[in-house]
Structure formats: structure tokens, C-alpha cells
>>> print(open('my_file20.cif').read())   # mmCIF, C-alpha atoms
data_start
loop_
_atom_site.label_atom_id
_atom_site.label_comp_id
_atom_site.auth_asym_id
_atom_site.auth_seq_id
_atom_site.Cartn_x
_atom_site.Cartn_y
_atom_site.Cartn_z
CA MET A 1 -5.75 -8.90 18.05
CA HIS A 2 -4.81 -12.05 16.11
CA PRO A 3 -2.34 -14.15 18.17
CA ASP A 4 0.17 -14.31 15.29
CA LEU A 5 0.72 -10.57 15.74
CA GLU A 6 2.39 -10.93 19.13
CA PRO A 7 6.01 -10.55 17.84
CA ILE A 8 5.19 -7.14 16.30
CA ALA A 9 2.41 -6.02 18.66
CA PHE A 10 4.83 -3.39 20.02
CA LEU A 11 4.51 -1.52 16.70
CA VAL A 12 0.77 -0.85 17.04
CA GLY A 13 0.04 2.84 17.41
CA THR A 14 1.08 6.15 15.93
CA TRP A 15 4.73 7.24 15.89
CA ARG A 16 6.06 10.72 15.12
CA GLY A 17 9.58 12.06 14.81
CA GLU A 18 12.30 13.29 12.52
CA GLY A 19 14.78 11.75 10.13
CA ARG A 20 17.64 12.52 7.80
CA GLY A 21 18.24 11.36 4.24
CA VAL A 22 21.51 11.15 2.33
CA TYR A 23 22.46 9.69 -1.05
CA PRO A 24 25.26 10.39 -3.55
CA THR A 25 22.83 11.55 -6.25
CA ILE A 26 20.83 14.06 -4.18
CA ALA A 27 21.28 16.81 -1.60
CA SER A 28 20.97 15.64 2.02
CA PHE A 29 17.63 16.49 3.61
CA GLU A 30 15.79 16.34 6.93
CA TYR A 31 12.17 15.41 7.35
CA GLY A 32 9.30 15.05 9.78
CA GLU A 33 7.58 11.68 9.79
CA GLU A 34 4.47 9.95 11.05
CA ILE A 35 3.95 6.18 10.97
CA ARG A 36 0.76 4.37 11.93
CA PHE A 37 0.52 0.61 12.50
CA ALA A 38 -3.01 -0.71 13.07
CA ALA A 39 -4.56 -4.13 13.65
CA VAL A 40 -7.68 -5.29 11.79
CA PRO A 41 -10.03 -7.42 13.93
CA GLY A 42 -9.17 -11.10 13.52
CA LYS A 43 -6.51 -10.59 10.84
CA PRO A 44 -2.87 -11.80 11.07
CA PHE A 45 -1.29 -8.60 9.74
CA LEU A 46 -0.83 -4.96 10.66
CA SER A 47 -1.70 -2.21 8.23
CA TYR A 48 1.04 0.39 7.80
CA GLN A 49 0.81 4.00 6.68
CA GLN A 50 3.77 6.35 6.60
CA ARG A 51 4.17 9.95 5.46
CA THR A 52 6.98 12.46 5.67
CA TRP A 53 7.09 16.23 5.32
CA ALA A 54 9.62 19.02 4.94
CA LEU A 55 10.64 20.56 8.26
CA ASP A 56 10.65 24.11 6.85
CA ASP A 57 7.19 24.43 5.32
CA GLN A 58 5.50 21.08 6.12
CA ARG A 59 4.97 20.26 2.42
CA PRO A 60 4.40 16.52 1.86
CA LEU A 61 7.50 14.56 0.81
CA HIS A 62 7.38 10.75 0.66
CA ALA A 63 4.72 8.25 1.66
CA GLU A 64 4.48 4.46 1.95
CA THR A 65 1.63 2.08 2.67
CA GLY A 66 1.25 -1.67 3.05
CA TYR A 67 0.98 -4.61 5.39
CA TRP A 68 3.28 -6.37 7.89
CA ARG A 69 2.80 -10.16 8.22
CA PRO A 70 4.59 -12.00 11.05
CA LYS A 71 5.21 -15.71 10.41
CA PRO A 72 6.43 -18.58 12.62
CA ASP A 73 10.01 -18.72 13.92
CA GLY A 74 10.44 -14.95 14.03
CA ARG A 75 10.06 -14.47 10.31
CA LEU A 76 8.41 -11.30 9.01
CA GLU A 77 6.98 -10.49 5.58
CA VAL A 78 6.19 -6.92 4.50
CA VAL A 79 4.31 -5.79 1.38
CA LEU A 80 4.76 -2.13 0.45
CA ALA A 81 3.56 0.37 -2.16
CA HIS A 82 5.35 3.66 -2.81
CA PRO A 83 3.85 6.59 -4.76
CA THR A 84 7.15 6.83 -6.66
CA GLY A 85 6.01 3.85 -8.75
CA VAL A 86 7.78 1.20 -6.68
CA SER A 87 6.27 -1.93 -5.10
CA GLU A 88 8.23 -4.07 -2.69
CA ILE A 89 8.24 -7.38 -0.91
CA GLU A 90 10.54 -7.21 2.11
CA GLU A 91 11.36 -10.32 4.15
CA GLY A 92 13.38 -10.85 7.28
CA SER A 93 13.10 -11.37 11.01
CA VAL A 94 11.83 -9.90 14.25
CA SER A 95 13.55 -10.70 17.53
CA GLY A 96 12.74 -8.77 20.67
CA GLY A 97 12.41 -5.20 19.53
CA VAL A 98 14.68 -5.54 16.50
CA ILE A 99 13.39 -6.01 12.95
CA ASP A 100 15.66 -6.70 9.98
CA LEU A 101 14.21 -6.68 6.46
CA THR A 102 15.61 -7.08 2.95
CA ALA A 103 13.72 -6.40 -0.29
CA THR A 104 13.25 -9.76 -2.04
CA SER A 105 11.12 -8.39 -4.89
CA ILE A 106 10.99 -4.87 -6.32
CA GLY A 107 8.45 -3.88 -8.98
CA LEU A 108 8.77 -0.66 -10.99
CA THR A 109 6.29 1.20 -13.17
CA ALA A 110 7.45 2.29 -16.64
CA THR A 111 8.28 5.81 -15.42
CA ALA A 112 9.72 4.97 -11.96
CA LYS A 113 13.33 5.70 -11.12
CA GLU A 114 15.46 2.57 -10.89
CA VAL A 115 15.57 0.93 -7.45
CA THR A 116 17.48 -2.35 -7.23
CA GLY A 117 17.91 -3.03 -3.51
CA LEU A 118 16.73 -1.98 -0.07
CA THR A 119 17.26 -3.09 3.51
CA ARG A 120 15.48 -1.78 6.59
CA ARG A 121 16.33 -2.16 10.29
CA LEU A 122 13.98 -1.00 13.05
CA GLU A 123 14.79 -1.01 16.74
CA LEU A 124 12.50 -0.36 19.68
CA VAL A 125 14.34 1.60 22.37
CA GLY A 126 12.61 1.42 25.75
CA ASP A 127 8.84 1.19 25.27
CA ASP A 128 8.10 4.24 23.16
CA VAL A 129 11.04 5.12 20.90
CA LEU A 130 11.49 3.59 17.46
CA ARG A 131 14.68 4.06 15.47
CA TYR A 132 15.15 2.89 11.91
CA GLU A 133 17.70 2.96 9.15
CA VAL A 134 17.18 2.24 5.47
CA GLN A 135 19.91 1.26 3.04
CA LEU A 136 19.15 1.78 -0.64
CA ALA A 137 20.57 0.73 -4.01
CA ALA A 138 19.16 3.06 -6.67
CA ALA A 139 20.15 5.26 -9.62
CA GLY A 140 23.05 2.91 -10.41
CA GLN A 141 24.56 3.21 -6.93
CA PRO A 142 25.41 0.21 -4.70
CA LEU A 143 23.45 -0.49 -1.50
CA GLN A 144 24.33 2.15 1.08
CA GLY A 145 22.90 4.21 3.93
CA HIS A 146 19.97 6.40 2.87
CA LEU A 147 17.64 7.17 5.81
CA THR A 148 17.92 7.30 9.60
CA ALA A 149 15.11 8.43 11.87
CA GLU A 150 13.92 8.39 15.46
CA LEU A 151 10.23 8.42 16.29
CA ARG A 152 8.29 8.53 19.54
CA ARG A 153 4.99 6.79 20.20
CA VAL A 154 2.27 9.45 20.32
CA ASP A 155 -0.82 7.22 20.39
CA GLU A 156 -1.28 3.58 21.40
CA ALA A 157 -4.00 2.78 18.86
CA MET B 1 -4.93 19.19 -6.66
CA HIS B 2 -1.93 18.54 -8.91
CA PRO B 3 -2.90 19.22 -12.58
CA ASP B 4 -1.67 15.76 -13.69
CA LEU B 5 -4.54 14.25 -11.68
CA GLU B 6 -7.25 15.62 -13.97
CA PRO B 7 -7.84 12.33 -15.90
CA ILE B 8 -8.64 10.46 -12.65
CA ALA B 9 -10.02 13.35 -10.57
CA PHE B 10 -13.45 11.71 -10.83
CA LEU B 11 -12.21 8.95 -8.50
CA VAL B 12 -11.57 11.27 -5.53
CA GLY B 13 -13.90 10.53 -2.65
CA THR B 14 -15.33 7.57 -0.77
CA TRP B 15 -17.27 4.82 -2.56
CA ARG B 16 -19.37 2.10 -0.96
CA GLY B 17 -21.22 -0.85 -2.42
CA GLU B 18 -21.33 -4.58 -2.89
CA GLY B 19 -19.56 -7.13 -5.02
CA ARG B 20 -19.44 -10.81 -5.90
CA GLY B 21 -16.43 -13.11 -6.17
CA VAL B 22 -16.12 -16.37 -8.09
CA TYR B 23 -13.19 -18.67 -8.83
CA PRO B 24 -12.85 -22.37 -9.67
CA THR B 25 -10.87 -23.11 -6.51
CA ILE B 26 -13.19 -21.44 -3.97
CA ALA B 27 -16.88 -21.07 -3.10
CA SER B 28 -18.54 -18.00 -4.60
CA PHE B 29 -19.01 -15.16 -2.14
CA GLU B 30 -20.59 -11.73 -1.81
CA TYR B 31 -19.03 -8.79 -0.03
CA GLY B 32 -19.50 -5.22 1.09
CA GLU B 33 -16.79 -2.79 0.02
CA GLU B 34 -15.49 0.68 0.69
CA ILE B 35 -12.88 2.43 -1.45
CA ARG B 36 -11.31 5.80 -0.71
CA PHE B 37 -9.25 7.82 -3.21
CA ALA B 38 -7.59 10.93 -1.77
CA ALA B 39 -5.31 13.65 -3.15
CA VAL B 40 -2.20 14.80 -1.28
CA PRO B 41 -1.53 18.56 -1.62
CA GLY B 42 0.78 19.19 -4.59
CA LYS B 43 1.40 15.52 -5.39
CA PRO B 44 0.74 13.88 -8.80
CA PHE B 45 -0.89 10.72 -7.40
CA LEU B 46 -4.00 9.62 -5.52
CA SER B 47 -3.73 7.46 -2.44
CA TYR B 48 -6.03 4.41 -2.50
CA GLN B 49 -7.45 2.41 0.38
CA GLN B 50 -9.89 -0.43 -0.07
CA ARG B 51 -11.51 -2.88 2.35
CA THR B 52 -14.20 -5.49 2.03
CA TRP B 53 -16.36 -7.27 4.57
CA ALA B 54 -18.75 -10.23 4.78
CA LEU B 55 -22.38 -9.25 4.25
CA ASP B 56 -23.64 -11.59 6.97
CA ASP B 57 -21.57 -10.58 10.00
CA GLN B 58 -19.44 -7.66 8.73
CA ARG B 59 -16.17 -9.48 9.50
CA PRO B 60 -13.23 -8.03 7.54
CA LEU B 61 -12.33 -9.91 4.34
CA HIS B 62 -9.79 -8.43 1.90
CA ALA B 63 -7.99 -5.09 1.83
CA GLU B 64 -5.72 -3.26 -0.61
CA THR B 65 -3.73 -0.05 -0.42
CA GLY B 66 -1.52 1.91 -2.78
CA TYR B 67 -1.19 4.82 -5.17
CA TRP B 68 -2.61 5.74 -8.60
CA ARG B 69 -0.28 7.73 -10.90
CA PRO B 70 -1.71 9.24 -14.11
CA LYS B 71 0.83 9.87 -16.85
CA PRO B 72 0.69 11.72 -20.22
CA ASP B 73 -1.36 10.38 -23.14
CA GLY B 74 -3.97 8.72 -20.93
CA ARG B 75 -1.54 6.28 -19.37
CA LEU B 76 -2.08 5.19 -15.76
CA GLU B 77 0.30 3.47 -13.32
CA VAL B 78 -0.91 1.84 -10.11
CA VAL B 79 1.20 0.49 -7.23
CA LEU B 80 -0.61 -1.86 -4.84
CA ALA B 81 0.03 -3.84 -1.67
CA HIS B 82 -2.20 -6.70 -0.53
CA PRO B 83 -2.18 -8.20 2.98
CA THR B 84 -2.15 -11.64 1.34
CA GLY B 85 1.58 -11.17 0.68
CA VAL B 86 1.19 -9.85 -2.87
CA SER B 87 2.58 -6.61 -4.33
CA GLU B 88 1.58 -5.39 -7.75
CA ILE B 89 2.42 -2.90 -10.44
CA GLU B 90 -0.58 -2.39 -12.71
CA GLU B 91 -0.32 -0.31 -15.90
CA GLY B 92 -2.86 0.74 -18.49
CA SER B 93 -5.04 3.60 -19.61
CA VAL B 94 -7.77 5.99 -18.57
CA SER B 95 -10.14 7.42 -21.16
CA GLY B 96 -13.26 9.28 -20.12
CA GLY B 97 -14.61 7.32 -17.18
CA VAL B 98 -13.08 4.00 -18.21
CA ILE B 99 -9.86 2.62 -16.71
CA ASP B 100 -8.15 -0.54 -17.97
CA LEU B 101 -5.21 -1.98 -16.04
CA THR B 102 -3.00 -5.07 -16.37
CA ALA B 103 -0.52 -6.31 -13.76
CA THR B 104 2.96 -5.86 -15.23
CA SER B 105 4.84 -6.97 -12.08
CA ILE B 106 3.65 -9.23 -9.27
CA GLY B 107 5.76 -9.81 -6.14
CA LEU B 108 5.01 -12.62 -3.69
CA THR B 109 6.22 -13.25 -0.14
CA ALA B 110 7.53 -16.74 0.68
CA THR B 111 4.17 -17.81 2.15
CA ALA B 112 1.82 -16.07 -0.31
CA LYS B 113 -0.49 -18.08 -2.55
CA GLU B 114 0.60 -18.04 -6.19
CA VAL B 115 -0.82 -15.16 -8.26
CA THR B 116 0.43 -14.93 -11.86
CA GLY B 117 -1.88 -12.43 -13.57
CA LEU B 118 -4.51 -9.80 -12.93
CA THR B 119 -6.49 -7.29 -14.99
CA ARG B 120 -8.83 -4.63 -13.68
CA ARG B 121 -11.46 -2.54 -15.48
CA LEU B 122 -13.29 0.33 -13.78
CA GLU B 123 -16.12 2.31 -15.31
CA LEU B 124 -17.79 5.46 -14.05
CA VAL B 125 -21.54 5.33 -14.71
CA GLY B 126 -23.17 8.75 -14.51
CA ASP B 127 -21.39 10.90 -11.92
CA ASP B 128 -21.59 8.75 -8.82
CA VAL B 129 -21.58 5.04 -9.66
CA LEU B 130 -18.37 3.06 -10.12
CA ARG B 131 -18.41 -0.47 -11.52
CA TYR B 132 -15.35 -2.69 -11.69
CA GLU B 133 -14.36 -6.16 -12.71
CA VAL B 134 -11.16 -8.02 -11.85
CA GLN B 135 -9.82 -11.00 -13.79
CA LEU B 136 -7.33 -13.19 -11.94
CA ALA B 137 -4.81 -15.93 -12.77
CA ALA B 138 -3.95 -17.73 -9.53
CA ALA B 139 -3.61 -21.20 -7.98
CA GLY B 140 -2.59 -22.65 -11.34
CA GLN B 141 -5.73 -21.36 -13.11
CA PRO B 142 -5.68 -19.23 -16.29
CA LEU B 143 -6.78 -15.58 -16.24
CA GLN B 144 -10.55 -15.43 -15.74
CA GLY B 145 -13.34 -13.44 -14.12
CA HIS B 146 -12.96 -13.15 -10.35
CA LEU B 147 -14.68 -10.03 -8.96
CA THR B 148 -17.49 -7.73 -10.05
CA ALA B 149 -18.79 -4.87 -7.93
CA GLU B 150 -20.86 -1.72 -8.08
CA LEU B 151 -20.18 1.17 -5.70
CA ARG B 152 -21.82 4.52 -5.13
CA ARG B 153 -20.05 7.73 -4.17
CA VAL B 154 -20.87 8.47 -0.52
CA ASP B 155 -18.44 11.33 0.11
CA GLU B 156 -16.71 13.74 -2.28
CA ALA B 157 -13.48 14.08 -0.28
#
>>> encode(input="my_file20.cif", output="C-alpha cells")
Amino acid sequence: MHPDLEPIAFLVGTWRGEGRGVYPTIASFEYGEEIRFAAVPGKPFLSYQQRTWALDDQRPLHAETGYWRPKPDGRLEVVLAHPTGVSEIEEGSVSGGVIDLTATSIGLTATAKEVTGLTRRLELVGDDVLRYEVQLAAAGQPLQGHLTAELRRVDEA
Amino acid sequence: MHPDLEPIAFLVGTWRGEGRGVYPTIASFEYGEEIRFAAVPGKPFLSYQQRTWALDDQRPLHAETGYWRPKPDGRLEVVLAHPTGVSEIEEGSVSGGVIDLTATSIGLTATAKEVTGLTRRLELVGDDVLRYEVQLAAAGQPLQGHLTAELRRVDEA
């Protein structure tokens, strides 16, 4: 593993759990989720793949994919693609097991729904539990709580 | 497969081949490449994963990941993340086996190298050969030829 990855090495592996989504413009919903962070030999980033599903019938819901790039002094850069027609640069910090990110660039396709802001906080609890919360500004609404989830490490690679 | 995917259904599968990169600011290089397009049950997009490697020692070079979203009237939207700190929205058209895309939004992390423009053309040749070319504006240079590659379908799923 590239030495620059040390601050986020704790993310490597497969995580599975459940989350809950709320927003003023939609009905609240619960979801199952799997996240996989993987190193590429010699490269200073982790690849990231996420997918969620409905708890009732397991139909696919959202997905995200991208790359996490740790930088000196605890800085962290994340590049994400969403199948909803949204691309994102998120930037922030990692300290201990806590990661704070804010979207610094959001790209939208012509048919995407409007997204104007996003923050993300992840926290490692113990060695094998990952909690996150996402705040979202979209559909004309101000930045506010959107997603909370708790995942457990199910595979170390 | 979602019916909206019909115009790009020919992409589904795994493709492998070789390409060549040129640019005024770097030495020319050749690379091996694998691309995988996959459908998600019921969803109107294809997931996309790409990786390249050096032909001499197989060390990883570039990678890309994202989603391809066909829209009515032959329009196509693509959302991409690059581990170099670049996010992209590409938009364009698909007609027969020819896809033309232009970056309409480019996001950069604080430490990413400057990229200001990109176009991409893919062409299906016969049933199982995919050729592409990428033009790039980066490092202060105008938009110009950067990558050409030819891949062969190695797996249909």
C-alpha cells in the first residue's frame, strides 16, 4: 500500500449495514448499503464503490463510485460520480477515525436534479464500525440532514 | 435491462486492448486497458470501470469510473471520476455504434493538475471491436489528440 494512504488505511475493506434517509421533498426511507474501499498497488488513492438497496425487496436504489486521495497535513480529497447525473469534488480532513468533507465542486448533467451543496462526516467506532451522516442542499432546499447510516466491516480486503 | 439502455446496450461487457498516449508536455506512452460496462437491474444507466497498465511491467497507470446515462433523441450523459483529482460531466450523442462526448463540467481538487477540456469519440467496429480517441486540453495546452485505443470484447456480461 502506498505510504500516503496511512491516514485512511482504516477504510480498506468491505462494509455493510443500514441507513435512513430524510428530506423535505421526499418520503423518508430506509436502506441496506455496501461500501468497498480498495487499494491499487503503488497508487496514492483508494477506489470507492457504494451501492444501496431497498430493505423490503432488495431492489437497487442509489450508487456512488470514485476515489479518495489523502494529502499532507490531514487533508483529504474525494472525487465522486453518481448515476443521478451528478459529479462531485469533496475536500476536507481526516483526523484519527473522523473524516469531514464538503463538496467544493458539483457538476450536473442537463437532466440531473439540482444539487447545490453536500457535506459528509464519517466516524470509525472501535475497529470495525463506520458511521456516517450526509447533509444535502438540493431541490431548492438549504443544506440539512439527509442520510445517516451505520456499517460493519465484513471483509478486510 | 432498462429499456432506455437500448442505444448503448452494445457496450455491455468487458473489453480489453491497447492504446497510445501523446501530449506536448509528456513522453508518448503505450498502455494495456480493460473497460467494463455493466447494467444494474431496473436502472437506466450503465456502470463504467476502466483501468490501464504499463505494457512492460503491468504496473497500474490510469483508472476511471462512473455512469453512462442514455437520454431521448440519441442524447448521452456521462458522469466520471478520475483518481487524478478530476471529476467530469460529459454530454453528447450516440448514433448507431458511434458515441461523441464533450466535457461540459470539469471539477478539480486543490492539488489536481489543470484540465480545461476533453472530448471523447467511441466507435463500434463490427460486433466486438471498440475504438476510441480522447482529445484533451490540459497544462495550458489547447484541445488536441491525447489517447487512441482499440479494444476487443472479451466477455459479454
>>> atom_distance(input="my_file20.cif", atom1="CA of Pro44 in chain A", atom2="CA of Pro70 in chain A")
7.5 Å
>>> closest_residue(input="my_file20.cif", among="A:Arg36, A:His2, A:Arg16, A:Arg153", to="Val125 in chain A", atoms="only C-alpha atoms")
A:Arg153
>>> resolve_selection(input="my_file20.cif", expression="the PyMOL selection byres ((chain B) within 10 of (chain A))", output="PyMOL selection string")
chain B and resi 40-49+59-69+71+76-91+104-112
>>> atom_distance(input="my_file20.cif", atom1="CA of Gly19 in chain A", atom2="CA of Gln144 in chain A")
16.3 Å
>>> resolve_selection(input="my_file20.cif", expression="the PyMOL selection byres ((chain B and resi 118-120) around 9)", output="PyMOL selection string")
chain B and resi 90+99-104+106+115-117+121-122+132-138+143-144
>>> atom_distance(input="my_file20.cif", atom1="CA of Leu147 in chain A", atom2="CA of Ser28 in chain A")
9.9 Å
>>> resolve_selection(input="my_file20.cif", expression="the PyMOL selection byres ((chain B and resi 22) around 10)", output="MDAnalysis selection string")
chainID B and resid 20:21 23:30 144:148
>>> closest_residue(input="my_file20.cif", among="B:Ala149, B:Val154, B:Leu5, B:Leu124", to="Ala39 in chain B", atoms="all atoms listed in the file")
B:Leu5
>>> residues_around(input="my_file20.cif", residues="Asp127 in chain A", least_positions_apart="3", cutoff="10 Å", atoms="all atoms listed in the file", output="count of residues only")
7
>>> axis_aligned_box(input="my_file20.cif", around="range 149-156 of chain A", padding_each_side="8 Å", output="JSON")
{"center_x": 6.9, "center_y": 6.5, "center_z": 16.6, "size_x": 32.4, "size_y": 21.9, "size_z": 25.5}
>>> decode(input="my_file20.cif", residues="range 126-137 of chain B", atoms="all heavy atoms", output="PDB file, in the first residue's frame")
ATOM      1  N   GLY B 126     -17.652  -3.612 -36.346  1.00  0.00           N
ATOM      2  CA  GLY B 126     -18.207  -4.964 -36.314  1.00  0.00           C
ATOM      3  C   GLY B 126     -18.999  -5.120 -35.029  1.00  0.00           C
ATOM      4  O   GLY B 126     -19.643  -4.169 -34.567  1.00  0.00           O
ATOM      5  N   ASP B 127     -18.972  -6.304 -34.435  1.00  0.00           N
ATOM      6  CA  ASP B 127     -19.737  -6.522 -33.200  1.00  0.00           C
ATOM      7  C   ASP B 127     -18.872  -6.420 -31.954  1.00  0.00           C
ATOM      8  O   ASP B 127     -19.392  -6.181 -30.859  1.00  0.00           O
ATOM      9  CB  ASP B 127     -20.372  -7.923 -33.203  1.00  0.00           C
ATOM     10  CG  ASP B 127     -21.539  -8.011 -34.178  1.00  0.00           C
ATOM     11  OD1 ASP B 127     -22.168  -6.961 -34.444  1.00  0.00           O
ATOM     12  OD2 ASP B 127     -21.797  -9.114 -34.671  1.00  0.00           O
ATOM     13  N   ASP B 128     -17.562  -6.621 -32.113  1.00  0.00           N
ATOM     14  CA  ASP B 128     -16.744  -6.880 -30.924  1.00  0.00           C
ATOM     15  C   ASP B 128     -15.460  -6.087 -30.845  1.00  0.00           C
ATOM     16  O   ASP B 128     -14.556  -6.455 -30.090  1.00  0.00           O
ATOM     17  CB  ASP B 128     -16.436  -8.383 -30.845  1.00  0.00           C
ATOM     18  CG  ASP B 128     -17.700  -9.199 -30.603  1.00  0.00           C
ATOM     19  OD1 ASP B 128     -18.487  -8.799 -29.726  1.00  0.00           O
ATOM     20  OD2 ASP B 128     -17.902 -10.198 -31.305  1.00  0.00           O
ATOM     21  N   VAL B 129     -15.345  -5.026 -31.642  1.00  0.00           N
ATOM     22  CA  VAL B 129     -14.162  -4.163 -31.541  1.00  0.00           C
ATOM     23  C   VAL B 129     -14.642  -2.749 -31.225  1.00  0.00           C
ATOM     24  O   VAL B 129     -15.591  -2.252 -31.826  1.00  0.00           O
ATOM     25  CB  VAL B 129     -13.332  -4.164 -32.845  1.00  0.00           C
ATOM     26  CG1 VAL B 129     -12.247  -3.100 -32.813  1.00  0.00           C
ATOM     27  CG2 VAL B 129     -12.728  -5.549 -33.075  1.00  0.00           C
ATOM     28  N   LEU B 130     -13.982  -2.128 -30.250  1.00  0.00           N
ATOM     29  CA  LEU B 130     -14.316  -0.768 -29.838  1.00  0.00           C
ATOM     30  C   LEU B 130     -13.056   0.086 -29.973  1.00  0.00           C
ATOM     31  O   LEU B 130     -12.016  -0.232 -29.403  1.00  0.00           O
ATOM     32  CB  LEU B 130     -14.787  -0.779 -28.379  1.00  0.00           C
ATOM     33  CG  LEU B 130     -15.418   0.492 -27.828  1.00  0.00           C
ATOM     34  CD1 LEU B 130     -16.727   0.820 -28.540  1.00  0.00           C
ATOM     35  CD2 LEU B 130     -15.668   0.339 -26.320  1.00  0.00           C
ATOM     36  N   ARG B 131     -13.175   1.146 -30.783  1.00  0.00           N
ATOM     37  CA  ARG B 131     -12.064   2.090 -30.907  1.00  0.00           C
ATOM     38  C   ARG B 131     -12.480   3.381 -30.250  1.00  0.00           C
ATOM     39  O   ARG B 131     -13.646   3.772 -30.315  1.00  0.00           O
ATOM     40  CB  ARG B 131     -11.762   2.379 -32.380  1.00  0.00           C
ATOM     41  CG  ARG B 131     -11.154   1.209 -33.101  1.00  0.00           C
ATOM     42  CD  ARG B 131     -10.639   1.648 -34.486  1.00  0.00           C
ATOM     43  NE  ARG B 131     -10.279   0.476 -35.258  1.00  0.00           N
ATOM     44  CZ  ARG B 131     -10.615   0.269 -36.533  1.00  0.00           C
ATOM     45  NH1 ARG B 131     -11.289   1.195 -37.196  1.00  0.00           N
ATOM     46  NH2 ARG B 131     -10.255  -0.836 -37.154  1.00  0.00           N
ATOM     47  N   TYR B 132     -11.516   4.060 -29.592  1.00  0.00           N
ATOM     48  CA  TYR B 132     -11.848   5.388 -29.083  1.00  0.00           C
ATOM     49  C   TYR B 132     -10.685   6.328 -29.273  1.00  0.00           C
ATOM     50  O   TYR B 132      -9.531   5.902 -29.433  1.00  0.00           O
ATOM     51  CB  TYR B 132     -12.272   5.342 -27.609  1.00  0.00           C
ATOM     52  CG  TYR B 132     -11.173   5.110 -26.610  1.00  0.00           C
ATOM     53  CD1 TYR B 132     -10.292   6.132 -26.262  1.00  0.00           C
ATOM     54  CD2 TYR B 132     -11.006   3.881 -26.007  1.00  0.00           C
ATOM     55  CE1 TYR B 132      -9.275   5.926 -25.344  1.00  0.00           C
ATOM     56  CE2 TYR B 132      -9.997   3.657 -25.087  1.00  0.00           C
ATOM     57  CZ  TYR B 132      -9.136   4.684 -24.766  1.00  0.00           C
ATOM     58  OH  TYR B 132      -8.120   4.476 -23.863  1.00  0.00           O
ATOM     59  N   GLU B 133     -11.014   7.620 -29.272  1.00  0.00           N
ATOM     60  CA  GLU B 133      -9.982   8.646 -29.207  1.00  0.00           C
ATOM     61  C   GLU B 133     -10.430   9.712 -28.229  1.00  0.00           C
ATOM     62  O   GLU B 133     -11.616  10.024 -28.113  1.00  0.00           O
ATOM     63  CB  GLU B 133      -9.674   9.243 -30.579  1.00  0.00           C
ATOM     64  CG  GLU B 133     -10.858   9.731 -31.344  1.00  0.00           C
ATOM     65  CD  GLU B 133     -10.470  10.204 -32.754  1.00  0.00           C
ATOM     66  OE1 GLU B 133     -10.143   9.357 -33.593  1.00  0.00           O
ATOM     67  OE2 GLU B 133     -10.507  11.421 -32.971  1.00  0.00           O
ATOM     68  N   VAL B 134      -9.472  10.239 -27.476  1.00  0.00           N
ATOM     69  CA  VAL B 134      -9.720  11.296 -26.495  1.00  0.00           C
ATOM     70  C   VAL B 134      -8.870  12.495 -26.872  1.00  0.00           C
ATOM     71  O   VAL B 134      -7.666  12.356 -27.121  1.00  0.00           O
ATOM     72  CB  VAL B 134      -9.364  10.822 -25.067  1.00  0.00           C
ATOM     73  CG1 VAL B 134      -9.363  12.000 -24.086  1.00  0.00           C
ATOM     74  CG2 VAL B 134     -10.319   9.735 -24.604  1.00  0.00           C
ATOM     75  N   GLN B 135      -9.502  13.659 -26.946  1.00  0.00           N
ATOM     76  CA  GLN B 135      -8.771  14.918 -27.109  1.00  0.00           C
ATOM     77  C   GLN B 135      -8.795  15.638 -25.769  1.00  0.00           C
ATOM     78  O   GLN B 135      -9.808  15.612 -25.055  1.00  0.00           O
ATOM     79  CB  GLN B 135      -9.429  15.782 -28.182  1.00  0.00           C
ATOM     80  CG  GLN B 135      -9.504  15.094 -29.540  1.00  0.00           C
ATOM     81  CD  GLN B 135      -9.163  16.039 -30.682  1.00  0.00           C
ATOM     82  OE1 GLN B 135      -9.247  17.261 -30.547  1.00  0.00           O
ATOM     83  NE2 GLN B 135      -8.738  15.476 -31.799  1.00  0.00           N
ATOM     84  N   LEU B 136      -7.686  16.271 -25.422  1.00  0.00           N
ATOM     85  CA  LEU B 136      -7.524  16.840 -24.087  1.00  0.00           C
ATOM     86  C   LEU B 136      -6.947  18.251 -24.165  1.00  0.00           C
ATOM     87  O   LEU B 136      -6.023  18.515 -24.939  1.00  0.00           O
ATOM     88  CB  LEU B 136      -6.555  15.946 -23.289  1.00  0.00           C
ATOM     89  CG  LEU B 136      -6.230  16.369 -21.853  1.00  0.00           C
ATOM     90  CD1 LEU B 136      -7.442  16.168 -20.947  1.00  0.00           C
ATOM     91  CD2 LEU B 136      -5.039  15.572 -21.324  1.00  0.00           C
ATOM     92  N   ALA B 137      -7.506  19.149 -23.341  1.00  0.00           N
ATOM     93  CA  ALA B 137      -6.897  20.466 -23.098  1.00  0.00           C
ATOM     94  C   ALA B 137      -6.461  20.465 -21.639  1.00  0.00           C
ATOM     95  O   ALA B 137      -7.299  20.388 -20.733  1.00  0.00           O
ATOM     96  CB  ALA B 137      -7.891  21.597 -23.362  1.00  0.00           C
TER      97      ALA B 137
END
